$ cat structure.cif   # mmCIF, C-alpha atoms and all ligand atoms
data_coords
#
loop_
_atom_site.label_atom_id
_atom_site.label_comp_id
_atom_site.auth_asym_id
_atom_site.auth_seq_id
_atom_site.Cartn_x
_atom_site.Cartn_y
_atom_site.Cartn_z
CA MET A 887 0.42 4.11 197.19
CA THR A 888 0.68 4.70 200.92
CA ILE A 889 3.32 3.03 203.09
CA LEU A 890 1.83 1.66 206.31
CA ASP A 891 4.63 2.96 208.51
CA GLY A 892 4.73 0.60 211.48
CA LYS A 893 7.85 2.22 212.83
CA LYS A 894 6.16 5.61 213.10
CA VAL A 895 2.83 4.29 214.40
CA SER A 896 4.54 2.05 216.96
CA ASN A 897 6.48 5.10 218.16
CA ASP A 898 3.22 7.03 218.54
CA ILE A 899 1.76 4.14 220.56
CA LYS A 900 4.86 3.90 222.75
CA ASN A 901 4.62 7.64 223.43
CA GLU A 902 0.96 7.20 224.43
CA ILE A 903 1.90 4.32 226.74
CA ALA A 904 4.82 6.28 228.23
CA ALA A 905 2.39 9.13 229.03
CA GLU A 906 0.12 6.62 230.84
CA VAL A 907 3.11 5.32 232.81
CA ASP A 908 4.04 8.89 233.79
CA LYS A 909 0.50 9.35 235.14
CA MET A 910 0.79 6.11 237.11
CA LYS A 911 4.11 7.22 238.59
CA ALA A 912 2.72 10.66 239.46
CA ALA A 913 -0.17 8.97 241.28
CA GLY A 914 2.31 6.83 243.23
CA GLU A 915 1.07 3.64 241.55
CA LYS A 916 3.09 0.58 240.59
CA VAL A 917 4.22 0.65 236.93
CA PRO A 918 3.56 -2.35 234.62
CA HIS A 919 6.11 -5.17 234.81
CA LEU A 920 6.61 -7.54 231.85
CA ALA A 921 8.68 -10.71 232.08
CA ALA A 922 9.92 -12.79 229.15
CA ILE A 923 11.18 -16.36 229.28
CA ILE A 924 13.52 -17.53 226.56
CA VAL A 925 14.75 -21.11 226.31
CA GLY A 926 17.88 -21.75 224.25
CA ASN A 927 20.12 -19.62 222.06
CA ASP A 928 18.24 -19.11 218.80
CA GLY A 929 19.66 -15.88 217.36
CA ALA A 930 16.39 -14.51 215.98
CA SER A 931 14.47 -15.27 219.20
CA LEU A 932 17.17 -13.61 221.32
CA THR A 933 16.94 -10.52 219.08
CA TYR A 934 13.14 -10.35 219.41
CA VAL A 935 13.17 -10.78 223.17
CA GLY A 936 15.94 -8.18 223.47
CA SER A 937 13.76 -5.72 221.51
CA LYS A 938 10.80 -6.43 223.81
CA VAL A 939 12.87 -5.73 226.93
CA ARG A 940 14.34 -2.53 225.44
CA ALA A 941 10.83 -1.37 224.52
CA CYS A 942 9.81 -1.80 228.19
CA GLU A 943 12.64 0.48 229.28
CA ARG A 944 11.66 3.05 226.65
CA VAL A 945 8.08 3.40 228.01
CA GLY A 946 9.03 3.21 231.69
CA PHE A 947 7.86 -0.37 232.39
CA GLU A 948 9.80 -2.72 234.59
CA SER A 949 11.07 -5.83 232.80
CA THR A 950 12.59 -9.17 233.67
CA LEU A 951 14.36 -11.46 231.22
CA VAL A 952 14.52 -15.12 232.24
CA LYS A 953 17.11 -16.99 230.15
CA MET A 954 17.02 -20.78 230.37
CA PRO A 955 19.43 -23.22 228.65
CA GLU A 956 18.55 -25.20 225.49
CA THR A 957 18.56 -28.40 227.60
CA THR A 958 15.83 -27.15 230.00
CA SER A 959 13.28 -29.87 230.76
CA GLU A 960 9.55 -29.35 230.41
CA LEU A 961 9.16 -29.69 234.18
CA GLU A 962 11.76 -26.97 234.86
CA LEU A 963 10.04 -24.58 232.47
CA LEU A 964 6.59 -25.29 233.94
CA LYS A 965 8.02 -24.62 237.40
CA LYS A 966 9.37 -21.25 236.27
CA ILE A 967 5.99 -20.36 234.70
CA LYS A 968 4.21 -21.20 237.96
CA GLU A 969 6.65 -18.95 239.81
CA LEU A 970 5.79 -16.05 237.50
CA ASN A 971 2.05 -16.84 237.82
CA GLU A 972 2.37 -16.42 241.58
CA ASP A 973 4.72 -13.43 241.59
CA ASP A 974 2.58 -10.39 242.48
CA ASN A 975 5.25 -8.09 241.12
CA ILE A 976 4.82 -9.44 237.54
CA ASP A 977 1.76 -8.16 235.66
CA GLY A 978 2.25 -10.11 232.45
CA PHE A 979 4.73 -12.47 230.85
CA ILE A 980 5.50 -14.29 227.63
CA VAL A 981 7.29 -17.50 226.77
CA GLN A 982 9.15 -16.86 223.53
CA LEU A 983 8.36 -19.45 220.84
CA PRO A 984 9.51 -21.75 219.33
CA LEU A 985 10.61 -23.99 222.21
CA PRO A 986 13.14 -26.86 222.01
CA PRO A 987 11.67 -30.23 220.94
CA GLN A 988 11.73 -31.82 224.43
CA ILE A 989 9.11 -29.30 225.58
CA ASP A 990 5.39 -29.59 224.73
CA THR A 991 4.34 -26.06 223.68
CA GLN A 992 0.63 -26.69 224.32
CA LYS A 993 1.32 -27.75 227.91
CA VAL A 994 3.39 -24.59 228.39
CA LEU A 995 0.70 -22.29 227.02
CA LEU A 996 -1.94 -23.98 229.21
CA THR A 997 0.17 -23.34 232.32
CA VAL A 998 0.37 -19.56 231.89
CA ASP A 999 -2.18 -17.77 234.09
CA PRO A 1000 -4.70 -16.34 231.56
CA SER A 1001 -4.76 -13.01 233.46
CA LYS A 1002 -0.99 -12.65 232.81
CA ASP A 1003 -1.04 -14.09 229.28
CA VAL A 1004 -0.18 -10.88 227.40
CA ASP A 1005 0.57 -12.91 224.23
CA GLY A 1006 -3.07 -14.05 224.19
CA PHE A 1007 -2.02 -17.65 223.44
CA HIS A 1008 -3.86 -19.44 226.29
CA PRO A 1009 -6.95 -21.32 224.98
CA GLU A 1010 -9.14 -19.30 227.38
CA ASN A 1011 -7.97 -16.02 225.84
CA PHE A 1012 -7.95 -17.38 222.29
CA GLY A 1013 -11.53 -18.62 222.82
CA LYS A 1014 -12.62 -15.25 224.20
CA MET A 1015 -11.12 -13.56 221.15
CA ALA A 1016 -13.05 -15.89 218.83
CA LEU A 1017 -16.25 -15.09 220.77
CA ASP A 1018 -15.75 -11.28 220.57
CA MET A 1019 -15.19 -11.08 224.32
CA SER A 1020 -12.74 -8.59 225.83
CA THR A 1021 -9.31 -10.24 226.20
CA PHE A 1022 -5.62 -10.07 225.24
CA ILE A 1023 -5.42 -10.20 221.45
CA PRO A 1024 -2.16 -11.77 220.17
CA ALA A 1025 0.29 -8.94 219.56
CA THR A 1026 0.95 -9.37 215.84
CA PRO A 1027 -2.72 -9.58 214.77
CA PHE A 1028 -3.51 -6.76 217.25
CA GLY A 1029 -0.76 -4.66 215.65
CA ILE A 1030 -2.14 -5.28 212.16
CA LEU A 1031 -5.64 -4.20 213.27
CA GLU A 1032 -4.19 -1.05 214.85
CA LEU A 1033 -2.23 -0.21 211.68
CA LEU A 1034 -5.34 -0.62 209.50
CA GLN A 1035 -7.29 1.54 211.92
CA ARG A 1036 -4.75 4.36 212.21
CA TYR A 1037 -4.47 4.59 208.40
CA ASP A 1038 -8.27 4.46 208.07
CA VAL A 1039 -8.17 1.45 205.73
CA ASP A 1040 -11.66 0.31 204.73
CA THR A 1041 -12.16 -3.42 205.45
CA LYS A 1042 -15.98 -3.71 205.41
CA GLY A 1043 -17.25 -6.10 202.76
CA LYS A 1044 -13.73 -6.55 201.37
CA HIS A 1045 -12.18 -9.90 200.51
CA THR A 1046 -9.27 -10.55 202.86
CA VAL A 1047 -6.91 -13.38 201.97
CA VAL A 1048 -4.71 -14.61 204.82
CA ILE A 1049 -1.66 -16.68 203.84
CA GLY A 1050 -0.52 -19.04 206.62
CA ARG A 1051 -2.53 -20.70 209.40
CA SER A 1052 -0.14 -20.40 212.36
CA HIS A 1053 -1.65 -20.07 215.84
CA ILE A 1054 0.31 -16.83 216.33
CA VAL A 1055 -0.73 -14.93 213.19
CA GLY A 1056 -2.76 -16.58 210.41
CA ARG A 1057 -5.46 -18.32 212.45
CA PRO A 1058 -6.24 -15.40 214.81
CA MET A 1059 -6.01 -12.90 211.92
CA SER A 1060 -8.61 -14.85 209.94
CA ILE A 1061 -10.99 -14.71 212.91
CA LEU A 1062 -10.40 -11.02 213.64
CA MET A 1063 -10.87 -9.84 210.04
CA SER A 1064 -14.25 -11.61 209.84
CA ARG A 1065 -15.55 -10.18 213.15
CA LYS A 1066 -18.33 -7.65 213.21
CA GLY A 1067 -16.72 -4.24 213.62
CA TRP A 1068 -13.80 -2.33 212.23
CA PRO A 1069 -11.23 -3.39 211.25
CA GLY A 1070 -13.15 -6.51 210.28
CA ASN A 1071 -16.44 -7.23 208.55
CA SER A 1072 -14.54 -8.67 205.64
CA THR A 1073 -14.98 -11.98 203.83
CA VAL A 1074 -11.96 -14.05 204.74
CA THR A 1075 -10.16 -16.82 202.87
CA LEU A 1076 -7.50 -18.61 204.92
CA THR A 1077 -4.88 -20.18 202.66
CA HIS A 1078 -2.01 -22.47 203.68
CA SER A 1079 0.59 -24.95 202.43
CA ASN A 1080 -2.06 -27.30 201.04
CA THR A 1081 -3.97 -24.59 199.16
CA LYS A 1082 -4.14 -25.32 195.43
CA ASN A 1083 -3.59 -22.58 192.87
CA ILE A 1084 -3.04 -19.84 195.44
CA ALA A 1085 -2.54 -17.14 192.77
CA GLN A 1086 -6.13 -17.68 191.62
CA ILE A 1087 -7.22 -16.73 195.15
CA THR A 1088 -4.76 -13.89 195.84
CA THR A 1089 -5.69 -12.15 192.56
CA GLN A 1090 -9.24 -11.84 193.95
CA ALA A 1091 -8.11 -10.28 197.22
CA ASP A 1092 -8.75 -6.68 198.28
CA ILE A 1093 -6.50 -7.22 201.31
CA ILE A 1094 -3.66 -9.76 201.60
CA ILE A 1095 -2.10 -10.63 204.94
CA SER A 1096 0.92 -12.85 204.35
CA ALA A 1097 2.49 -14.76 207.24
CA LEU A 1098 4.23 -17.53 205.38
CA GLY A 1099 7.95 -16.99 205.97
CA VAL A 1100 8.96 -17.53 202.34
CA PRO A 1101 11.02 -14.55 201.10
CA ASN A 1102 9.54 -12.70 198.11
CA PHE A 1103 6.76 -15.29 197.70
CA LEU A 1104 4.04 -12.84 196.66
CA LYS A 1105 4.75 -11.46 193.19
CA ALA A 1106 3.10 -8.59 191.30
CA GLU A 1107 1.23 -10.95 188.97
CA MET A 1108 -0.44 -12.58 192.02
CA VAL A 1109 -2.25 -9.38 193.09
CA LYS A 1110 -4.80 -7.02 191.60
CA ASP A 1111 -4.55 -3.23 191.36
CA ASP A 1112 -5.15 -1.22 194.56
CA VAL A 1113 -4.66 -4.24 196.84
CA VAL A 1114 -3.81 -3.64 200.52
CA ILE A 1115 -0.69 -5.62 201.47
CA ILE A 1116 0.28 -6.62 205.01
CA ASP A 1117 3.62 -8.46 205.03
CA VAL A 1118 4.27 -10.39 208.25
CA GLY A 1119 7.28 -12.29 206.87
CA ILE A 1120 10.62 -11.75 208.60
CA THR A 1121 13.09 -14.26 207.21
CA ARG A 1122 16.85 -13.84 207.60
CA VAL A 1123 18.40 -14.12 204.14
CA GLU A 1124 22.18 -14.42 203.89
CA ASP A 1125 23.81 -11.32 202.42
CA ALA A 1126 27.59 -11.02 202.51
CA ASN A 1127 27.35 -7.30 201.68
CA HIS A 1128 25.50 -6.57 204.90
CA PRO A 1129 27.49 -6.03 208.13
CA LYS A 1130 25.33 -8.59 209.98
CA GLY A 1131 25.74 -11.14 207.17
CA TYR A 1132 21.98 -11.25 206.52
CA VAL A 1133 19.03 -9.06 205.62
CA ILE A 1134 15.49 -9.36 206.97
CA THR A 1135 13.24 -10.18 204.02
CA GLY A 1136 9.44 -10.21 203.84
CA ASP A 1137 7.03 -12.55 202.02
CA VAL A 1138 6.29 -9.87 199.44
CA ASP A 1139 8.29 -8.77 196.39
CA PHE A 1140 7.99 -5.19 197.62
CA GLU A 1141 9.60 -3.46 194.65
CA ASN A 1142 7.07 -4.78 192.14
CA VAL A 1143 3.97 -5.38 194.32
CA SER A 1144 4.14 -1.86 195.77
CA LYS A 1145 3.57 -0.44 192.26
CA LYS A 1146 0.09 -2.02 192.24
CA ALA A 1147 -0.85 -1.61 195.92
CA SER A 1148 -2.95 1.12 197.53
CA TYR A 1149 -1.35 0.46 200.95
CA ILE A 1150 1.65 -1.71 201.81
CA THR A 1151 3.77 -2.48 204.87
CA PRO A 1152 7.56 -2.43 204.42
CA VAL A 1153 9.91 -5.07 205.88
CA PRO A 1154 11.52 -4.12 208.15
CA GLY A 1155 9.56 -1.24 209.68
CA GLY A 1156 6.02 -2.49 209.10
CA VAL A 1157 4.35 -5.17 211.20
CA GLY A 1158 7.43 -6.02 213.32
CA PRO A 1159 7.55 -2.83 215.43
CA MET A 1160 3.75 -2.94 215.81
CA THR A 1161 3.97 -6.37 217.46
CA ILE A 1162 6.19 -4.98 220.20
CA ALA A 1163 4.03 -1.90 220.74
CA MET A 1164 0.91 -4.05 221.16
CA LEU A 1165 2.65 -6.38 223.59
CA LEU A 1166 3.30 -3.27 225.70
CA LYS A 1167 -0.35 -2.26 225.31
CA ASN A 1168 -1.47 -5.70 226.52
CA THR A 1169 0.90 -5.42 229.49
CA LEU A 1170 -0.55 -2.03 230.40
CA LEU A 1171 -4.01 -3.60 230.21
CA ALA A 1172 -2.88 -6.51 232.42
CA ARG A 1173 -1.60 -4.02 235.02
CA GLU A 1174 -4.84 -2.03 234.97
CA GLN A 1175 -6.95 -5.17 235.34
CA ARG A 1176 -4.91 -6.40 238.31
CA LYS A 1177 -5.68 -3.24 240.28
CA VAL A 1178 -9.39 -3.98 240.46
N1 LIG B 1201 7.57 -16.17 218.39
C1 LIG B 1201 7.24 -15.50 217.27
N2 LIG B 1201 6.32 -14.56 217.53
C2 LIG B 1201 6.05 -14.63 218.85
C3 LIG B 1201 5.18 -13.91 219.72
O1 LIG B 1201 4.44 -13.01 219.32
N3 LIG B 1201 5.21 -14.28 221.02
C4 LIG B 1201 6.00 -15.29 221.47
N4 LIG B 1201 5.94 -15.58 222.75
N5 LIG B 1201 6.81 -15.97 220.70
C5 LIG B 1201 6.84 -15.65 219.40
#

$ encode --input "structure.cif" --output "structure tokens"
Amino acid sequence: MTILDGKKVSNDIKNEIAAEVDKMKAAGEKVPHLAAIIVGNDGASLTYVGSKVRACERVGFESTLVKMPETTSELELLKKIKELNEDDNIDGFIVQLPLPPQIDTQKVLLTVDPSKDVDGFHPENFGKMALDMSTFIPATPFGILELLQRYDVDTKGKHTVVIGRSHIVGRPMSILMSRKGWPGNSTVTLTHSNTKNIAQITTQADIIISALGVPNFLKAEMVKDDVVIIDVGITRVEDANHPKGYVITGDVDFENVSKKASYITPVPGGVGPMTIAMLLKNTLLAREQRKV
């Protein structure tokens, strides 16, 4: 069994990006600048955005964090997005999801300039991805592809089962794993909350990508021997013994499933760090594209 070490690979990627930034600086060029908008005080979202900003510092990017109150109106947020669209100093930006209920997420995503949409959530970019055109691939799916590639995991002709149909992970992942190319070329089954008898499907999978958000959902008896496991789950589970009062728990019963798997991502230290590294990669791409 091989651990797909997202922490290590993401560090390698950050070092590669930092080297690119050094070259840009040496050439007297502007370095990439990522902005992040966060609305409200959700603890997990604040943690993620904080990690994204710290990662920018680590590779030499400029970063801007825009914090808006929980009561922000849709109009106020759209105004801020338009400001960032027009700000020549900003190469790419993200609006951290989820948003408070008074704000229509689809309207927000449609307002982001596609050339600055480093999350790859705008319908123009999502459509390009589905059509195999060059674009920003959403960071989590992009990170999973990169992990499979760097560990030389064979995906051609394999049966990939994706659990969860979110716009951020499950849906794009199902499209990417069925694309011609590598990683890809696999036969994909997209399962979700209305799927009947899911164990009957997961036991046929060569590769399982779980983005459900239910701690320890995937048990050993639900997988076959030598399965490749990608665990996207990051749920905070209360734990009085931990200094933070919680532990981050994946969708997969790691202790038992890992005994059957050929490759498996840990939680934490698997997909999570890859997401951040690929957001940086998209931002670098956005900067390079704005020069031409
Ligand atoms: N919320 C959970 N994942 C993501 C992500 O990748 N990007 C944004 N903007 N919000 C998220």

$ atom_distance --input "structure.cif" --atom1 "atom CA of Met887 of chain A" --atom2 "atom CA of Ser1148 of chain A"
4.5 Å

$ residues_around --input "structure.cif" --residues "segment 1174-1178 of chain A" --least-positions-apart "5" --cutoff "10 Å" --atoms "all atoms listed in the file" --output "mmCIF file with C-alpha atoms, in the coordinates of the input"
data_model
loop_
_atom_site.group_PDB
_atom_site.id
_atom_site.type_symbol
_atom_site.label_atom_id
_atom_site.label_comp_id
_atom_site.auth_asym_id
_atom_site.auth_seq_id
_atom_site.Cartn_x
_atom_site.Cartn_y
_atom_site.Cartn_z
ATOM 1 C CA GLU A 915 1.070 3.640 241.550
ATOM 2 C CA LYS A 916 3.090 0.580 240.590
ATOM 3 C CA VAL A 917 4.220 0.650 236.930
ATOM 4 C CA PRO A 918 3.560 -2.350 234.620
ATOM 5 C CA ASP A 974 2.580 -10.390 242.480
ATOM 6 C CA ASP A 977 1.760 -8.160 235.660
ATOM 7 C CA GLY A 978 2.250 -10.110 232.450
ATOM 8 C CA SER A 1001 -4.760 -13.010 233.460
ATOM 9 C CA LYS A 1002 -0.990 -12.650 232.810
ATOM 10 C CA ASN A 1168 -1.470 -5.700 226.520
ATOM 11 C CA THR A 1169 0.900 -5.420 229.490
#

$ closest_residue --input "structure.cif" --among "A:Ser1052, A:Thr1026, A:Asn1011, A:Asn1080" --to "ligand LIG 1201 (chain B)" --atoms "all atoms listed in the file"
A:Thr1026

$ atom_distance --input "structure.cif" --atom1 "atom C5 of ligand LIG 1201 (chain B)" --atom2 "atom CA of Leu1166 of chain A"
14.3 Å

$ closest_atom_pairs --input "structure.cif" --of "chain A" --to "ligand LIG 1201 (chain B)" --cutoff "10 Å" --atoms "all atoms listed in the file" --output "JSON lines"
{"residue": "A:Ala922", "atom": "CA", "partner": "B:LIG1201", "partner_atom": "N4", "distance": 8.0}
{"residue": "A:Ile923", "atom": "CA", "partner": "B:LIG1201", "partner_atom": "N4", "distance": 8.4}
{"residue": "A:Ile924", "atom": "CA", "partner": "B:LIG1201", "partner_atom": "N4", "distance": 8.7}
{"residue": "A:Ala930", "atom": "CA", "partner": "B:LIG1201", "partner_atom": "N1", "distance": 9.3}
{"residue": "A:Ser931", "atom": "CA", "partner": "B:LIG1201", "partner_atom": "N1", "distance": 7.0}
{"residue": "A:Tyr934", "atom": "CA", "partner": "B:LIG1201", "partner_atom": "C1", "distance": 8.1}
{"residue": "A:Val935", "atom": "CA", "partner": "B:LIG1201", "partner_atom": "N5", "distance": 8.6}
{"residue": "A:Phe979", "atom": "CA", "partner": "B:LIG1201", "partner_atom": "N4", "distance": 8.8}
{"residue": "A:Ile980", "atom": "CA", "partner": "B:LIG1201", "partner_atom": "N4", "distance": 5.1}
{"residue": "A:Val981", "atom": "CA", "partner": "B:LIG1201", "partner_atom": "N4", "distance": 4.7}
{"residue": "A:Gln982", "atom": "CA", "partner": "B:LIG1201", "partner_atom": "N4", "distance": 3.5}
{"residue": "A:Leu983", "atom": "CA", "partner": "B:LIG1201", "partner_atom": "N5", "distance": 3.8}
{"residue": "A:Pro984", "atom": "CA", "partner": "B:LIG1201", "partner_atom": "N1", "distance": 6.0}
{"residue": "A:Leu985", "atom": "CA", "partner": "B:LIG1201", "partner_atom": "N5", "distance": 9.0}
{"residue": "A:Leu995", "atom": "CA", "partner": "B:LIG1201", "partner_atom": "N4", "distance": 9.5}
{"residue": "A:Asp1003", "atom": "CA", "partner": "B:LIG1201", "partner_atom": "N4", "distance": 9.7}
{"residue": "A:Val1004", "atom": "CA", "partner": "B:LIG1201", "partner_atom": "N4", "distance": 9.0}
{"residue": "A:Asp1005", "atom": "CA", "partner": "B:LIG1201", "partner_atom": "N3", "distance": 5.8}
{"residue": "A:Gly1006", "atom": "CA", "partner": "B:LIG1201", "partner_atom": "N3", "distance": 8.9}
{"residue": "A:Phe1007", "atom": "CA", "partner": "B:LIG1201", "partner_atom": "N4", "distance": 8.3}
{"residue": "A:Pro1024", "atom": "CA", "partner": "B:LIG1201", "partner_atom": "O1", "distance": 6.8}
{"residue": "A:Ala1025", "atom": "CA", "partner": "B:LIG1201", "partner_atom": "O1", "distance": 5.8}
{"residue": "A:Thr1026", "atom": "CA", "partner": "B:LIG1201", "partner_atom": "O1", "distance": 6.1}
{"residue": "A:Pro1027", "atom": "CA", "partner": "B:LIG1201", "partner_atom": "O1", "distance": 9.2}
{"residue": "A:His1053", "atom": "CA", "partner": "B:LIG1201", "partner_atom": "N2", "distance": 9.8}
{"residue": "A:Ile1054", "atom": "CA", "partner": "B:LIG1201", "partner_atom": "O1", "distance": 6.4}
{"residue": "A:Val1055", "atom": "CA", "partner": "B:LIG1201", "partner_atom": "O1", "distance": 8.2}
{"residue": "A:Gly1158", "atom": "CA", "partner": "B:LIG1201", "partner_atom": "N2", "distance": 9.6}
{"residue": "A:Thr1161", "atom": "CA", "partner": "B:LIG1201", "partner_atom": "O1", "distance": 6.9}
{"residue": "A:Ile1162", "atom": "CA", "partner": "B:LIG1201", "partner_atom": "O1", "distance": 8.3}
{"residue": "A:Met1164", "atom": "CA", "partner": "B:LIG1201", "partner_atom": "O1", "distance": 9.8}
{"residue": "A:Leu1165", "atom": "CA", "partner": "B:LIG1201", "partner_atom": "O1", "distance": 8.1}

$ residues_around --input "structure.cif" --residues "Ala921 of chain A" --least-positions-apart "2" --cutoff "6 Å" --atoms "only C-alpha atoms" --output "list of chain:residue names"
A:Ser949, A:Thr950, A:Leu951, A:Phe979

$ closest_residue --input "structure.cif" --among "A:Leu970, A:Leu961, A:Ile1084, A:Ala904" --to "Phe947 of chain A" --atoms "all atoms listed in the file"
A:Ala904

$ residues_near_point --input "structure.cif" --point "(0.0, -1.1, 192.9)" --cutoff "9 Å" --atoms "only C-alpha atoms" --output "MDAnalysis selection string"
chainID A and resid 887 1106 1109:1114 1142:1149

$ residues_near_point --input "structure.cif" --point "(-14.7, -10.4, 218.6)" --cutoff "12 Å" --atoms "only C-alpha atoms" --output "compact mmCIF listing (two decimals) with C-alpha atoms, in the coordinates of the input"
# COMPACT_ATOMS: atom_id res chain seq x y z
CA ASN A 1011 -7.97 -16.02 225.84
CA PHE A 1012 -7.95 -17.38 222.29
CA GLY A 1013 -11.53 -18.62 222.82
CA LYS A 1014 -12.62 -15.25 224.20
CA MET A 1015 -11.12 -13.56 221.15
CA ALA A 1016 -13.05 -15.89 218.83
CA LEU A 1017 -16.25 -15.09 220.77
CA ASP A 1018 -15.75 -11.28 220.57
CA MET A 1019 -15.19 -11.08 224.32
CA SER A 1020 -12.74 -8.59 225.83
CA THR A 1021 -9.31 -10.24 226.20
CA PHE A 1022 -5.62 -10.07 225.24
CA ILE A 1023 -5.42 -10.20 221.45
CA PHE A 1028 -3.51 -6.76 217.25
CA PRO A 1058 -6.24 -15.40 214.81
CA MET A 1059 -6.01 -12.90 211.92
CA SER A 1060 -8.61 -14.85 209.94
CA ILE A 1061 -10.99 -14.71 212.91
CA LEU A 1062 -10.40 -11.02 213.64
CA MET A 1063 -10.87 -9.84 210.04
CA SER A 1064 -14.25 -11.61 209.84
CA ARG A 1065 -15.55 -10.18 213.15
CA LYS A 1066 -18.33 -7.65 213.21
CA GLY A 1067 -16.72 -4.24 213.62
CA TRP A 1068 -13.80 -2.33 212.23
CA PRO A 1069 -11.23 -3.39 211.25
CA GLY A 1070 -13.15 -6.51 210.28
CA ASN A 1071 -16.44 -7.23 208.55

$ closest_residue --input "structure.cif" --among "A:Gln1035, A:Ser959, A:Ser1072, A:Ser896" --to "Val994 of chain A" --atoms "all atoms listed in the file"
A:Ser959

$ closest_residue --input "structure.cif" --among "A:Leu890, A:Ile1049, A:Met910, A:Val1133" --to "Ala1097 of chain A" --atoms "all atoms listed in the file"
A:Ile1049

$ residues_around --input "structure.cif" --residues "Val925 of chain A" --least-positions-apart "3" --cutoff "6 Å" --atoms "all atoms listed in the file" --output "JSON, numbers by chain"
{"A": [954, 955, 956]}

$ closest_residue --input "structure.cif" --among "A:Gln1090, A:Asn975, A:Thr1081, A:Thr1075" --to "His919 of chain A" --atoms "all atoms listed in the file"
A:Asn975

$ atom_distance --input "structure.cif" --atom1 "atom CA of Asp1117 of chain A" --atom2 "atom CA of Val1100 of chain A"
10.9 Å

$ closest_residue --input "structure.cif" --among "A:Leu1104, A:Leu932, A:Ile1095, A:Ile1120" --to "Pro1154 of chain A" --atoms "all atoms listed in the file"
A:Ile1120

$ residues_around --input "structure.cif" --residues "Lys893 of chain A" --least-positions-apart "4" --cutoff "7 Å" --atoms "all atoms listed in the file" --output "PDB file with C-alpha atoms, in the frame of the given file"
ATOM      1  CA  ASN A 897       6.480   5.100 218.160  1.00  0.00           C
ATOM      2  CA  GLY A1155       9.560  -1.240 209.680  1.00  0.00           C
ATOM      3  CA  GLY A1156       6.020  -2.490 209.100  1.00  0.00           C
ATOM      4  CA  PRO A1159       7.550  -2.830 215.430  1.00  0.00           C
TER       5      PRO A1159
END

$ decode --input "structure.cif" --residues "segment 999-1013 of chain A" --atoms "N, CA and C atoms" --output "short mmCIF file (atom, residue, chain, number, x, y, z; two decimals), in the first residue's frame"
data_model
loop_
_atom_site.label_atom_id
_atom_site.label_comp_id
_atom_site.auth_asym_id
_atom_site.auth_seq_id
_atom_site.Cartn_x
_atom_site.Cartn_y
_atom_site.Cartn_z
N ASP A 999 -14.92 37.78 -13.31
CA ASP A 999 -14.32 37.79 -14.64
C ASP A 999 -13.67 36.42 -14.90
N PRO A 1000 -14.09 35.70 -15.96
CA PRO A 1000 -13.55 34.36 -16.19
C PRO A 1000 -12.02 34.32 -16.26
N SER A 1001 -11.39 35.43 -16.70
CA SER A 1001 -9.92 35.42 -16.81
C SER A 1001 -9.24 35.52 -15.44
N LYS A 1002 -10.04 35.87 -14.39
CA LYS A 1002 -9.50 35.94 -13.03
C LYS A 1002 -10.06 34.84 -12.13
N ASP A 1003 -10.87 33.96 -12.72
CA ASP A 1003 -11.60 32.95 -11.96
C ASP A 1003 -10.71 31.73 -11.69
N VAL A 1004 -9.77 31.89 -10.75
CA VAL A 1004 -8.78 30.83 -10.50
C VAL A 1004 -9.38 29.62 -9.78
N ASP A 1005 -10.64 29.72 -9.32
CA ASP A 1005 -11.35 28.55 -8.79
C ASP A 1005 -11.94 27.71 -9.93
N GLY A 1006 -12.07 28.31 -11.11
CA GLY A 1006 -12.66 27.58 -12.24
C GLY A 1006 -14.15 27.31 -12.08
N PHE A 1007 -14.85 28.18 -11.33
CA PHE A 1007 -16.28 27.96 -11.05
C PHE A 1007 -17.22 28.68 -12.02
N HIS A 1008 -16.72 29.65 -12.78
CA HIS A 1008 -17.58 30.37 -13.74
C HIS A 1008 -18.05 29.39 -14.83
N PRO A 1009 -19.33 29.49 -15.24
CA PRO A 1009 -19.83 28.56 -16.26
C PRO A 1009 -18.98 28.52 -17.53
N GLU A 1010 -18.37 29.66 -17.89
CA GLU A 1010 -17.51 29.67 -19.09
C GLU A 1010 -16.31 28.73 -18.88
N ASN A 1011 -15.70 28.80 -17.71
CA ASN A 1011 -14.54 27.95 -17.44
C ASN A 1011 -14.95 26.49 -17.22
N PHE A 1012 -16.07 26.31 -16.54
CA PHE A 1012 -16.56 24.94 -16.29
C PHE A 1012 -16.90 24.27 -17.64
N GLY A 1013 -17.52 25.06 -18.53
CA GLY A 1013 -17.86 24.55 -19.87
C GLY A 1013 -16.62 24.20 -20.66
#
